[in-house]
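What follows is a single structure, written as structure tokens, with notes after it.
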Amino acid sequence: MFNALLGRDKTFYELFEKAAANNVDAADALNDFLSKFPASIPDGVKKMKDIEHKGDLITHETIEMLNKTFVTPLDREDIYHLITRMDDIVDLMDGAVSRLALYKIDKITPEAIALGQILKNATEILRHTITGIRNIKNPTEIIRHCIQIHTYENEGDQLMQKALADLFENDKNDPIKVIKWKEIYYDLETATDRCEDVANIIEGIVLKYA
Amino acid sequence: MFNALLGRDKTFYELFEKAAANNVDAADALNDFLSKFPASIPDGVKKMKDIEHKGDLITHETIEMLNKTFVTPLDREDIYHLITRMDDIVDLMDGAVSRLALYKIDKITPEAIALGQILKNATEILRHTITGIRNIKNPTEIIRHCIQIHTYENEGDQLMQKALADLFENDKNDPIKVIKWKEIYYDLETATDRCEDVANIIEGIVLKYA
Amino acid sequence: MFNALLGRDKTFYELFEKAAANNVDAADALNDFLSKFPASIPDGVKKMKDIEHKGDLITHETIEMLNKTFVTPLDREDIYHLITRMDDIVDLMDGAVSRLALYKIDKITPEAIALGQILKNATEILRHTITGIRNIKNPTEIIRHCIQIHTYENEGDQLMQKALADLFENDKNDPIKVIKWKEIYYDLETATDRCEDVANIIEGIVLKYA
């Protein structure tokens, strides 16, 4: 019985690690898509959609396990929020890629490239940090990583604010372009917000269990 | 005492069923409003506002009961999320109807009609499914219904993406029109998202209690 | 031990009161910024950013205490939602002020002034009401205050709807201006929504503990 419970616990952590690795894959696919745009249409869109679908399956498996498990290794709410926020990250990157293709954008902006790089850095740190919560040996390092994610989120925020102000300034004669890019930047910037949400949940877990 | 508790339980289910039936009424009012637009202004706006107000009362009654009840028939969190997400559905349909009147839209689009039909189908299934959680005899059928709602949400999503791309393409000389419709589609599509949220909560309940 | 627990409890309430007072400061800074605009750039932006940062610190301190405290004076979820929703209020006011400066808005609208006044009234009532939950002597008065906040939220909603419709009507030749103001109104109106969220949480607490 005790082994069965341990087995289950191990699996929750495995699912978190799978989701975190999938988010890094999504960030790689996003950066690849952006750097080769528009030649990356339609293959890059298809590739991102596959990653997004894989994220859905991991999330679904986690929630199903949560609903069937009586004793969980972390608070139920933490498990639920961790996995759904991680899923949001890949959904938003997929949203940005879909929009870039669908809205017939002709040229990628430097700000989109910069946001893609921030997402790569943030998802890499999250992958590293998620592994750490399985056995909290080094809370100080985990907290330090979480603070790094906050810094990335701040950078993302400022990039987006600046990009919007530039759009308003430089493309005032093309409001449709402004509307399109506003939606794309929103997806990318909200993805960095969700990375921060995940970091906040991890910080909370570390403070509770360390 | 035991009867009193059972009585309370019954009432939670009754309130869920009332809210679900109210959402079907809202979807009917929405479709009626769209099919007779713009002649449906102002009567259709008033009618939808009444339905929205009724939804508020049902939600308020449920939360008040939740706060007063010690032993609840379902997890407190599930009750709270079920009733507030159901309330969001009617709020968003009301938002779309208000905007259509307020923004002086001259003609309804086929995509708005299609989204209205999806909402009618989704709220009908939710009403049927909500009745099923009172006495979970047929979990397989409930899960099958929930999967159907996911399909509707996907259709809604694709419709909205397509409608936006069309707007950007065909109305590039009327950005104000683009902005207005973006807001209206957003309300309708988010209403289908909330139907999916409700389906997810029901799936979770069925997995826990079946 | 018992004193220590009481001490902790007292501190949660103190943090809520600090956050509520900080929100009133934010509303004052917002109204001051609006009334002196554009001369209030950049000092008013800086001042609001300091208040926003103070809000972050209060929120962080509360969550850290929540994660370290075993027995809490209110449900953990209520504490978490209370403090994060209160933080949203100042974040959104800060967002509106930043955008007004960044987007090179030339003139403040009467609707923005009116929304600023609503936020002042709503945050004042919240400050008063938050003090009341420390020792729930007068639940009727607290509930009456919460209802007042709902009224303010409704006013905010209608103001925003009206302001948007006016923008669409009067500035149809300047879609960039429409987009900019839509974002600013959205921040201000969502801040009144968050005041209502806080009022709802307080109502729930009063119903549970009174």
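Residue numbers start at 1 in each chain; chains themselves are named A, B, ... in the order of the structure tokens; ligands are numbered from 1 in the order shown.
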Any chance you could tabulate, as JSON lines, the residues of chain B at most 7 Å from chain A with each one's nearest atom pair and distance in Å to one decimal, using only C-alpha atoms, in chain and rising number order?
```
{"residue": "B:Ala165", "atom": "CA", "partner": "A:Tyr103", "partner_atom": "CA", "distance": 5.7}
{"residue": "B:Phe168", "atom": "CA", "partner": "A:Ile176", "partner_atom": "CA", "distance": 6.6}
{"residue": "B:Lys172", "atom": "CA", "partner": "A:Ile176", "partner_atom": "CA", "distance": 6.2}
{"residue": "B:Pro175", "atom": "CA", "partner": "A:Ile176", "partner_atom": "CA", "distance": 6.0}
{"residue": "B:Gly204", "atom": "CA", "partner": "A:Asn67", "partner_atom": "CA", "distance": 6.3}
{"residue": "B:Leu207", "atom": "CA", "partner": "A:Asn67", "partner_atom": "CA", "distance": 6.0}
{"residue": "B:Lys208", "atom": "CA", "partner": "A:Asn67", "partner_atom": "CA", "distance": 5.3}
```
Would you output that residue set with N, CA, C and O atoms, as a CSV table (one decimal), in the first residue's frame?
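Generated file (selection32.csv):
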```csv
chain,number,residue,atom,x,y,z
B,165,ALA,N,-9.6,36.5,-38.9
B,165,ALA,CA,-8.7,36.6,-40.1
B,165,ALA,C,-9.5,37.2,-41.3
B,165,ALA,O,-9.0,38.0,-42.0
B,168,PHE,N,-9.8,40.9,-40.7
B,168,PHE,CA,-8.5,41.6,-41.0
B,168,PHE,C,-8.4,41.7,-42.6
B,168,PHE,O,-7.8,42.7,-43.1
B,172,LYS,N,-10.1,45.8,-43.9
B,172,LYS,CA,-8.9,46.5,-43.5
B,172,LYS,C,-9.1,48.0,-43.6
B,172,LYS,O,-8.3,48.7,-43.0
B,175,PRO,N,-11.1,49.8,-39.6
B,175,PRO,CA,-10.6,49.3,-38.3
B,175,PRO,C,-11.5,49.3,-37.2
B,175,PRO,O,-11.5,48.5,-36.3
B,204,GLY,N,-14.5,16.0,-13.5
B,204,GLY,CA,-13.7,15.8,-12.3
B,204,GLY,C,-14.6,15.2,-11.2
B,204,GLY,O,-14.2,14.3,-10.5
B,207,LEU,N,-15.3,11.5,-11.9
B,207,LEU,CA,-14.2,10.7,-11.6
B,207,LEU,C,-14.0,10.5,-10.1
B,207,LEU,O,-13.6,9.4,-9.7
B,208,LYS,N,-14.3,11.5,-9.3
B,208,LYS,CA,-14.1,11.4,-7.9
B,208,LYS,C,-15.2,10.5,-7.2
B,208,LYS,O,-14.9,9.7,-6.3
```
Among region 15-176 of chain A, which ones does DSSP place in alpha helix (DSSP H), written as a ChimeraX atom specification?
/A:15-35,43-68,76-102,110-132,139-170,175-176
Please determine, counting only C-alpha atoms, which residue among B:Thr129, B:Asn154, B:Asn173, B:Asn135 has the shortest atom-to-atom distance to Ile202 (chain B).
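Nearest to Ile202 (chain B): B:Thr129.
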Selected residue, from C:Asp106, C:Glu183, C:Asp75, C:Asp50, that lies nearest to Pro38 (chain C) when counting only C-alpha atoms:
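Checking each of C:Asp106, C:Glu183, C:Asp75, C:Asp50 against Pro38 (chain C), counting only C-alpha atoms, the winner is C:Asp106.
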Any idea what the distance is between CA of Arg127 (chain B) and CA of Leu188 (chain B)?
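Value for the CA of Arg127 (chain B)-CA of Leu188 (chain B) distance: 18.6 Å.
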Go through B:Ile41, B:Lys49, B:Pro73, B:Asp197 one by one, measure the shortest atom-to-atom distance of each to Arg134 (chain B) using only C-alpha atoms, and give the residue with the smallest value.
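Using only C-alpha atoms, the shortest distance to Arg134 (chain B) belongs to B:Pro73.
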Neighbours of region 137-142 of chain B within 12 Å (only C-alpha atoms; same-chain residues fewer than 6 positions away dropped), as a PDB file with all heavy atoms, in the first residue's frame?
```
ATOM      1  N   ILE B 125     -26.609  20.529 -23.755  1.00  0.00           N
ATOM      2  CA  ILE B 125     -25.908  19.347 -23.235  1.00  0.00           C
ATOM      3  C   ILE B 125     -25.561  19.556 -21.761  1.00  0.00           C
ATOM      4  O   ILE B 125     -25.690  18.646 -20.950  1.00  0.00           O
ATOM      5  CB  ILE B 125     -24.625  19.068 -24.047  1.00  0.00           C
ATOM      6  CG1 ILE B 125     -24.996  18.661 -25.473  1.00  0.00           C
ATOM      7  CG2 ILE B 125     -23.798  17.967 -23.387  1.00  0.00           C
ATOM      8  CD1 ILE B 125     -23.862  18.005 -26.220  1.00  0.00           C
ATOM      9  N   LEU B 126     -25.118  20.764 -21.414  1.00  0.00           N
ATOM     10  CA  LEU B 126     -24.788  21.022 -20.005  1.00  0.00           C
ATOM     11  C   LEU B 126     -26.013  20.822 -19.123  1.00  0.00           C
ATOM     12  O   LEU B 126     -25.926  20.250 -18.043  1.00  0.00           O
ATOM     13  CB  LEU B 126     -24.238  22.443 -19.814  1.00  0.00           C
ATOM     14  CG  LEU B 126     -22.776  22.663 -20.188  1.00  0.00           C
ATOM     15  CD1 LEU B 126     -22.363  24.070 -19.804  1.00  0.00           C
ATOM     16  CD2 LEU B 126     -21.851  21.656 -19.510  1.00  0.00           C
ATOM     17  N   ARG B 127     -27.163  21.282 -19.573  1.00  0.00           N
ATOM     18  CA  ARG B 127     -28.389  21.112 -18.775  1.00  0.00           C
ATOM     19  C   ARG B 127     -28.667  19.629 -18.551  1.00  0.00           C
ATOM     20  O   ARG B 127     -28.964  19.187 -17.433  1.00  0.00           O
ATOM     21  CB  ARG B 127     -29.598  21.763 -19.459  1.00  0.00           C
ATOM     22  CG  ARG B 127     -30.868  21.531 -18.648  1.00  0.00           C
ATOM     23  CD  ARG B 127     -32.063  22.295 -19.146  1.00  0.00           C
ATOM     24  NE  ARG B 127     -32.377  21.995 -20.533  1.00  0.00           N
ATOM     25  CZ  ARG B 127     -33.464  22.448 -21.161  1.00  0.00           C
ATOM     26  NH1 ARG B 127     -34.295  23.245 -20.526  1.00  0.00           N
ATOM     27  NH2 ARG B 127     -33.686  22.151 -22.416  1.00  0.00           N
ATOM     28  N   HIS B 128     -28.524  18.866 -19.606  1.00  0.00           N
ATOM     29  CA  HIS B 128     -28.748  17.426 -19.528  1.00  0.00           C
ATOM     30  C   HIS B 128     -27.739  16.779 -18.567  1.00  0.00           C
ATOM     31  O   HIS B 128     -28.092  15.933 -17.749  1.00  0.00           O
ATOM     32  CB  HIS B 128     -28.607  16.842 -20.928  1.00  0.00           C
ATOM     33  CG  HIS B 128     -29.065  15.438 -21.023  1.00  0.00           C
ATOM     34  ND1 HIS B 128     -30.385  15.106 -21.227  1.00  0.00           N
ATOM     35  CD2 HIS B 128     -28.389  14.268 -20.915  1.00  0.00           C
ATOM     36  CE1 HIS B 128     -30.510  13.794 -21.237  1.00  0.00           C
ATOM     37  NE2 HIS B 128     -29.315  13.253 -21.054  1.00  0.00           N
ATOM     38  N   THR B 129     -26.480  17.209 -18.669  1.00  0.00           N
ATOM     39  CA  THR B 129     -25.402  16.585 -17.909  1.00  0.00           C
ATOM     40  C   THR B 129     -25.478  16.931 -16.428  1.00  0.00           C
ATOM     41  O   THR B 129     -25.216  16.100 -15.565  1.00  0.00           O
ATOM     42  CB  THR B 129     -24.041  17.036 -18.480  1.00  0.00           C
ATOM     43  OG1 THR B 129     -24.086  16.886 -19.892  1.00  0.00           O
ATOM     44  CG2 THR B 129     -22.909  16.204 -17.926  1.00  0.00           C
ATOM     45  N   ILE B 130     -25.838  18.182 -16.147  1.00  0.00           N
ATOM     46  CA  ILE B 130     -25.959  18.637 -14.758  1.00  0.00           C
ATOM     47  C   ILE B 130     -26.970  17.773 -14.004  1.00  0.00           C
ATOM     48  O   ILE B 130     -26.766  17.426 -12.840  1.00  0.00           O
ATOM     49  CB  ILE B 130     -26.390  20.136 -14.739  1.00  0.00           C
ATOM     50  CG1 ILE B 130     -25.212  21.047 -15.034  1.00  0.00           C
ATOM     51  CG2 ILE B 130     -27.053  20.507 -13.425  1.00  0.00           C
ATOM     52  CD1 ILE B 130     -24.273  21.290 -13.889  1.00  0.00           C
ATOM     53  N   THR B 131     -28.053  17.426 -14.660  1.00  0.00           N
ATOM     54  CA  THR B 131     -29.075  16.580 -14.032  1.00  0.00           C
ATOM     55  C   THR B 131     -28.478  15.227 -13.650  1.00  0.00           C
ATOM     56  O   THR B 131     -28.842  14.631 -12.645  1.00  0.00           O
ATOM     57  CB  THR B 131     -30.261  16.364 -15.011  1.00  0.00           C
ATOM     58  OG1 THR B 131     -30.585  17.622 -15.572  1.00  0.00           O
ATOM     59  CG2 THR B 131     -31.462  15.794 -14.298  1.00  0.00           C
ATOM     60  N   GLN B 148     -18.309  15.892 -25.925  1.00  0.00           N
ATOM     61  CA  GLN B 148     -19.041  16.626 -26.964  1.00  0.00           C
ATOM     62  C   GLN B 148     -18.875  18.142 -26.762  1.00  0.00           C
ATOM     63  O   GLN B 148     -18.719  18.892 -27.735  1.00  0.00           O
ATOM     64  CB  GLN B 148     -20.523  16.221 -26.898  1.00  0.00           C
ATOM     65  CG  GLN B 148     -21.398  16.868 -27.961  1.00  0.00           C
ATOM     66  CD  GLN B 148     -20.948  16.553 -29.376  1.00  0.00           C
ATOM     67  OE1 GLN B 148     -20.589  15.425 -29.673  1.00  0.00           O
ATOM     68  NE2 GLN B 148     -20.893  17.564 -30.235  1.00  0.00           N
ATOM     69  N   ILE B 149     -18.880  18.578 -25.511  1.00  0.00           N
ATOM     70  CA  ILE B 149     -18.705  20.015 -25.227  1.00  0.00           C
ATOM     71  C   ILE B 149     -17.315  20.480 -25.654  1.00  0.00           C
ATOM     72  O   ILE B 149     -17.146  21.574 -26.181  1.00  0.00           O
ATOM     73  CB  ILE B 149     -18.911  20.311 -23.722  1.00  0.00           C
ATOM     74  CG1 ILE B 149     -20.253  19.765 -23.268  1.00  0.00           C
ATOM     75  CG2 ILE B 149     -18.746  21.805 -23.430  1.00  0.00           C
ATOM     76  CD1 ILE B 149     -21.239  20.747 -22.795  1.00  0.00           C
ATOM     77  N   ALA B 199     -17.868  21.662 -18.113  1.00  0.00           N
ATOM     78  CA  ALA B 199     -17.733  20.236 -18.468  1.00  0.00           C
ATOM     79  C   ALA B 199     -16.532  19.622 -17.743  1.00  0.00           C
ATOM     80  O   ALA B 199     -16.611  18.501 -17.230  1.00  0.00           O
ATOM     81  CB  ALA B 199     -17.592  20.084 -19.982  1.00  0.00           C
ATOM     82  N   ASN B 200     -15.418  20.364 -17.655  1.00  0.00           N
ATOM     83  CA  ASN B 200     -14.231  19.859 -16.959  1.00  0.00           C
ATOM     84  C   ASN B 200     -14.509  19.615 -15.475  1.00  0.00           C
ATOM     85  O   ASN B 200     -14.072  18.619 -14.909  1.00  0.00           O
ATOM     86  CB  ASN B 200     -13.071  20.854 -17.070  1.00  0.00           C
ATOM     87  CG  ASN B 200     -12.408  20.794 -18.433  1.00  0.00           C
ATOM     88  OD1 ASN B 200     -12.451  19.759 -19.105  1.00  0.00           O
ATOM     89  ND2 ASN B 200     -11.809  21.895 -18.855  1.00  0.00           N
ATOM     90  N   ILE B 201     -15.248  20.547 -14.848  1.00  0.00           N
ATOM     91  CA  ILE B 201     -15.568  20.396 -13.429  1.00  0.00           C
ATOM     92  C   ILE B 201     -16.460  19.161 -13.234  1.00  0.00           C
ATOM     93  O   ILE B 201     -16.261  18.371 -12.317  1.00  0.00           O
ATOM     94  CB  ILE B 201     -16.262  21.669 -12.882  1.00  0.00           C
ATOM     95  CG1 ILE B 201     -15.328  22.882 -13.015  1.00  0.00           C
ATOM     96  CG2 ILE B 201     -16.673  21.484 -11.424  1.00  0.00           C
ATOM     97  CD1 ILE B 201     -16.025  24.232 -12.859  1.00  0.00           C
ATOM     98  N   ILE B 202     -17.436  18.996 -14.130  1.00  0.00           N
ATOM     99  CA  ILE B 202     -18.341  17.836 -14.031  1.00  0.00           C
ATOM    100  C   ILE B 202     -17.553  16.530 -14.215  1.00  0.00           C
ATOM    101  O   ILE B 202     -17.722  15.585 -13.438  1.00  0.00           O
ATOM    102  CB  ILE B 202     -19.476  17.947 -15.073  1.00  0.00           C
ATOM    103  CG1 ILE B 202     -20.390  19.131 -14.719  1.00  0.00           C
ATOM    104  CG2 ILE B 202     -20.281  16.645 -15.135  1.00  0.00           C
ATOM    105  CD1 ILE B 202     -21.456  19.435 -15.759  1.00  0.00           C
ATOM    106  N   GLU B 203     -16.669  16.497 -15.199  1.00  0.00           N
ATOM    107  CA  GLU B 203     -15.817  15.316 -15.399  1.00  0.00           C
ATOM    108  C   GLU B 203     -15.052  14.981 -14.120  1.00  0.00           C
ATOM    109  O   GLU B 203     -14.965  13.827 -13.708  1.00  0.00           O
ATOM    110  CB  GLU B 203     -14.783  15.587 -16.497  1.00  0.00           C
ATOM    111  CG  GLU B 203     -15.182  15.151 -17.879  1.00  0.00           C
ATOM    112  CD  GLU B 203     -14.020  15.313 -18.853  1.00  0.00           C
ATOM    113  OE1 GLU B 203     -13.716  16.479 -19.218  1.00  0.00           O
ATOM    114  OE2 GLU B 203     -13.414  14.312 -19.250  1.00  0.00           O
ATOM    115  N   GLY B 204     -14.485  16.012 -13.491  1.00  0.00           N
ATOM    116  CA  GLY B 204     -13.726  15.814 -12.254  1.00  0.00           C
ATOM    117  C   GLY B 204     -14.595  15.216 -11.164  1.00  0.00           C
ATOM    118  O   GLY B 204     -14.201  14.281 -10.463  1.00  0.00           O
ATOM    119  N   ILE B 205     -15.828  15.737 -11.041  1.00  0.00           N
ATOM    120  CA  ILE B 205     -16.756  15.242 -10.013  1.00  0.00           C
ATOM    121  C   ILE B 205     -17.084  13.771 -10.275  1.00  0.00           C
ATOM    122  O   ILE B 205     -17.079  12.946  -9.368  1.00  0.00           O
ATOM    123  CB  ILE B 205     -18.045  16.105 -10.012  1.00  0.00           C
ATOM    124  CG1 ILE B 205     -17.732  17.513  -9.497  1.00  0.00           C
ATOM    125  CG2 ILE B 205     -19.139  15.449  -9.178  1.00  0.00           C
ATOM    126  CD1 ILE B 205     -18.858  18.522  -9.687  1.00  0.00           C
ATOM    127  N   VAL B 206     -17.350  13.457 -11.521  1.00  0.00           N
ATOM    128  CA  VAL B 206     -17.732  12.085 -11.878  1.00  0.00           C
ATOM    129  C   VAL B 206     -16.572  11.137 -11.571  1.00  0.00           C
ATOM    130  O   VAL B 206     -16.767  10.056 -11.008  1.00  0.00           O
ATOM    131  CB  VAL B 206     -18.136  12.015 -13.369  1.00  0.00           C
ATOM    132  CG1 VAL B 206     -18.244  10.564 -13.832  1.00  0.00           C
ATOM    133  CG2 VAL B 206     -19.460  12.732 -13.578  1.00  0.00           C
ATOM    134  N   LEU B 207     -15.342  11.549 -11.892  1.00  0.00           N
ATOM    135  CA  LEU B 207     -14.180  10.683 -11.623  1.00  0.00           C
ATOM    136  C   LEU B 207     -13.992  10.470 -10.123  1.00  0.00           C
ATOM    137  O   LEU B 207     -13.592   9.396  -9.685  1.00  0.00           O
ATOM    138  CB  LEU B 207     -12.912  11.304 -12.220  1.00  0.00           C
ATOM    139  CG  LEU B 207     -12.817  11.220 -13.741  1.00  0.00           C
ATOM    140  CD1 LEU B 207     -11.692  12.094 -14.261  1.00  0.00           C
ATOM    141  CD2 LEU B 207     -12.600   9.772 -14.181  1.00  0.00           C
ATOM    142  N   LYS B 208     -14.311  11.514  -9.334  1.00  0.00           N
ATOM    143  CA  LYS B 208     -14.135  11.395  -7.886  1.00  0.00           C
ATOM    144  C   LYS B 208     -15.194  10.510  -7.243  1.00  0.00           C
ATOM    145  O   LYS B 208     -14.914   9.744  -6.333  1.00  0.00           O
ATOM    146  CB  LYS B 208     -14.219  12.797  -7.246  1.00  0.00           C
ATOM    147  CG  LYS B 208     -12.866  13.461  -7.090  1.00  0.00           C
ATOM    148  CD  LYS B 208     -12.960  14.758  -6.313  1.00  0.00           C
ATOM    149  CE  LYS B 208     -13.196  15.929  -7.262  1.00  0.00           C
ATOM    150  NZ  LYS B 208     -13.075  17.233  -6.601  1.00  0.00           N
ATOM    151  N   TYR B 209     -16.460  10.647  -7.701  1.00  0.00           N
ATOM    152  CA  TYR B 209     -17.564  10.026  -6.965  1.00  0.00           C
ATOM    153  C   TYR B 209     -18.131   8.773  -7.618  1.00  0.00           C
ATOM    154  O   TYR B 209     -18.900   8.060  -6.996  1.00  0.00           O
ATOM    155  CB  TYR B 209     -18.688  11.043  -6.750  1.00  0.00           C
ATOM    156  CG  TYR B 209     -18.271  12.197  -5.870  1.00  0.00           C
ATOM    157  CD1 TYR B 209     -17.808  13.387  -6.416  1.00  0.00           C
ATOM    158  CD2 TYR B 209     -18.312  12.076  -4.484  1.00  0.00           C
ATOM    159  CE1 TYR B 209     -17.397  14.434  -5.617  1.00  0.00           C
ATOM    160  CE2 TYR B 209     -17.906  13.121  -3.675  1.00  0.00           C
ATOM    161  CZ  TYR B 209     -17.449  14.301  -4.254  1.00  0.00           C
ATOM    162  OH  TYR B 209     -17.047  15.316  -3.456  1.00  0.00           O
ATOM    163  N   ALA B 210     -17.784   8.544  -8.872  1.00  0.00           N
ATOM    164  CA  ALA B 210     -18.428   7.415  -9.586  1.00  0.00           C
ATOM    165  C   ALA B 210     -17.846   6.078  -9.117  1.00  0.00           C
ATOM    166  O   ALA B 210     -16.725   6.010  -8.651  1.00  0.00           O
ATOM    167  CB  ALA B 210     -18.241   7.590 -11.079  1.00  0.00           C
TER     168      ALA B 210
END
```
Distance query Thr123 (chain C) at most 8 Å, only C-alpha atoms, self and fewer than 5 positions along chain excluded, as a list of chain:residue names:
C:Ala20, C:Asn23, C:Val24, C:Ala27, C:Cys195
The residue from B:Leu164, B:Ala21, B:Ile79, B:Ile136 with the smallest atom-to-atom distance to Ala112 (chain B), counting only C-alpha atoms, is B:Leu164
Mind pulling up the distance from CA of Met160 (chain B) to CA of Val45 (chain A)?
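A separation of 17.8 Å between them.
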